[in-house]
Amino acid sequence: MNLDFLDMLDGYKAENDELLQKMEDALMEIQEDGMDDENINAVFRAAHTIKGSSGMFGIDYIVDFTHIAENLLDKIRNHKIEINDDIIQLLLACKDQMQTLIDFVMSDPEGEPNEEIQADSQTLIYELKECLGEKETVKKESVQEEKKAETSEITSENSLDKYQINIKFSEDTFKHGFDTYTFIHYLQEIGEIKEITTDTQAIPLFDAIEPLQCYMSYQIELHSSQTIKVIEDAFDFVKEKSEISIINLSAPTPPIVEKIEEKKDEIKKVKKTTKGHTAVKQTNFIRIEANKIDTLINLIGEMVIANAAVMQKATDSKISDLVESVSTVTRMLEEVRENAMQIRMVPIGDTFNKFKRIVHDTANKVGKKVDLVINGGDTELDKTVIEKIADPLVHLIRNSVDHGIEAPELREESNKPQTGVLQLNAYHDAGAIAIEIVDDGKGLDANLLLAKGIEKGLVNEGDELTQKEIFNLILQPGFSMAKEVTDISGRGVGMDVVQRNISDLHGTIEIDSQKSKGTKITIRLPLTLAIIDGFLTKVGDTNMIIPLDMLVECIELSKNTKSQMKRNSYINLRGSVLPLLNISEYFKIPQSPLARSNVIVIQYGEQKMGIIVDELLGELQTVIKPMGQLFKKLKYFSGSTILGSGEVALIMDIPVMIGMMESKQQEQIAQ
Amino acid sequence: MKAFSDDGMCFVDMEQSFTINEVETFKKEITPLLATDKEFLIHCIDVIEIDSAGLQVLISLKKYLQKENITFEITAGIKFKEFISFFMLDKYFEEDIV
């Protein structure tokens, strides 16, 4: 293996992971919508590129495996083999195996896969060969021998074309970490090398040679059934600067000569006529390590805090020019912060698309038919949040398929279509992102859940629970309605972990279900975990921040309104009842005698409430700092921040506040 | 790699590797000896890793020494032989391999 490859491992893995995901997406599309040339070509291209890049680095076990899969894909795209569900299953399994092999390269770049991995590869190769109609060959020969057998079979069937390849590698081939041997060796995968002539004349004498410069030129005679394009692709990584010509000597006169240089000129002309559209596309993206962005955002966070201190000092100094200048810096900093945060935002659709496979596999395993419908895939969310929400979503989706959606025959009995529908929806909602997992399955049976809750000791007999509270029982540790434990679900350890993961992200989970109609699980998550726009308030001496996205309006709590309230904890807000929470009373913070109470109306999801505070201090950029271990159990605050004055302000956890208010009201009703 | 020079004879032991990682040292160590030594033996018997950058510099040395009428010899191990066979250079090095 090329030693320079070790330095390029991360790039190799990232590129191939992307290709494998594209492969899976395209296969899932074929599964859903039927055979489509564009999709099958995408799968072929992905397999071909993985084989190519692995070949360049001498990872033969990936080349050998991918080669066979590529043969099948080639026949499918040329309509010689008809694709069906079994073949899609097989190709998906091959995609998984390629992932395993690539992961193995990462763990041991210079080793060979263990027997188990090799056996899996062999089994799949056997199945691929079966599809290709080459079963007998596999039984008799090893993989390497097969290739020779395959070549000789082809020879007898169709005569091979004779190609003359002239290649002069570019001077910087070695400097880029490539070895000319790997490219030529790779030609053996697509044909038989009959002759190689190394042009020793092109190599300078020892006293004049630059050892790191490549002077190597070769003339190769290759017998192959492949097209010039396929042979040309073998030199994909170096063809930009190298001089390559491929002549088909078997073709009728005049021979077809394809000079890559000429092709490059043609491409350039095409690019010009299409106004450089392709070029623009290529330069639109750059791959950046996530931790570089994290560092940038952390630094901006520190700048926001430092800037707040400068602003405070400028205001105290009462020098208007200074205040003006600092205000300009603050505005610019706000723009920098917004743009930097935008870098972290990624569409959730990429994660949703990965679930197609999970739905497909789980449904097949439990003998159900399920269509996955994705809405709002372009909704953007912080990368960290997306990474952390992926596992809980997998669990919820599996649960929906395994427990929610009924078997086809049962659905038919209930006058439902045999195929169930699972929807994944994402949308922005009051400063948060809402993700819904909706199925049209059998729904939750509240009576059964309650009985199970009593049996498990989670609910006391005689307790009167609302339907929502009953549904929430499934989020309790150890609660499972499954009669049998399967490898998909039923151990009762999943849903409480899902809830914990969502709480860790300062999100909430809500369950709504109708018997025989289906279940809707809504997860609400904050858009970001780093910096937010906040609204600063004061209660007594304590500073508190409310996330601005969740703030609806501020109103003064006049003496008149207070007298109307009497002892009730709600007001009439333009015809609607608004429950109120007096922060100073609830948290026992001594109120300043001069304080003029204000109500801040906040909203989360569809719930609204009012918070009574003493002072409204205005908007500010808030860098969220974790509360630390000591205050971990302080559930009404999601974090803290440092103000310009150096004081600490607590950031209110609005979803928790609203949840607390809701249960408080229910208690009052019960009394 | 290790290079020794004794009484007009240069002995270069490539040890296990003759790749892009060795070629610069190879040139640096051998160049001063070109003016003094009359016999060069490149010991490749233990080489298990070789690439085309190694092969290129070896061809370059052979060409130079041939032009200057200086003796050039190689000892070849299995890996080395396989590599030059792949490039069908067995005949080119036939007289040099001892």
# chains A, B, ... in the order shown; residues from 1 in each chain; ligands from 1
call {"tool": "residues_around", "arguments": {"residues": "Ile209 of chain A", "least_positions_apart": "3", "cutoff": "12 Å", "atoms": "only C-alpha atoms", "output": "PyMOL selection string"}}
result
(chain A and resi 171+202-206+212-215) or (chain B and resi 23-24+26-28+31+53+56-61+63-64)
call {"tool": "select_by_dssp", "arguments": {"residues": "chain B", "states": "helix (DSSP H, G or I)", "output": "PyMOL selection string"}}
result
chain B and resi 23-33+52-67+78-86+90-93
call {"tool": "residues_around", "arguments": {"residues": "Lys79 of chain B", "least_positions_apart": "6", "cutoff": "9 Å", "atoms": "only C-alpha atoms", "output": "PyMOL selection string"}}
result
chain B and resi 45-50
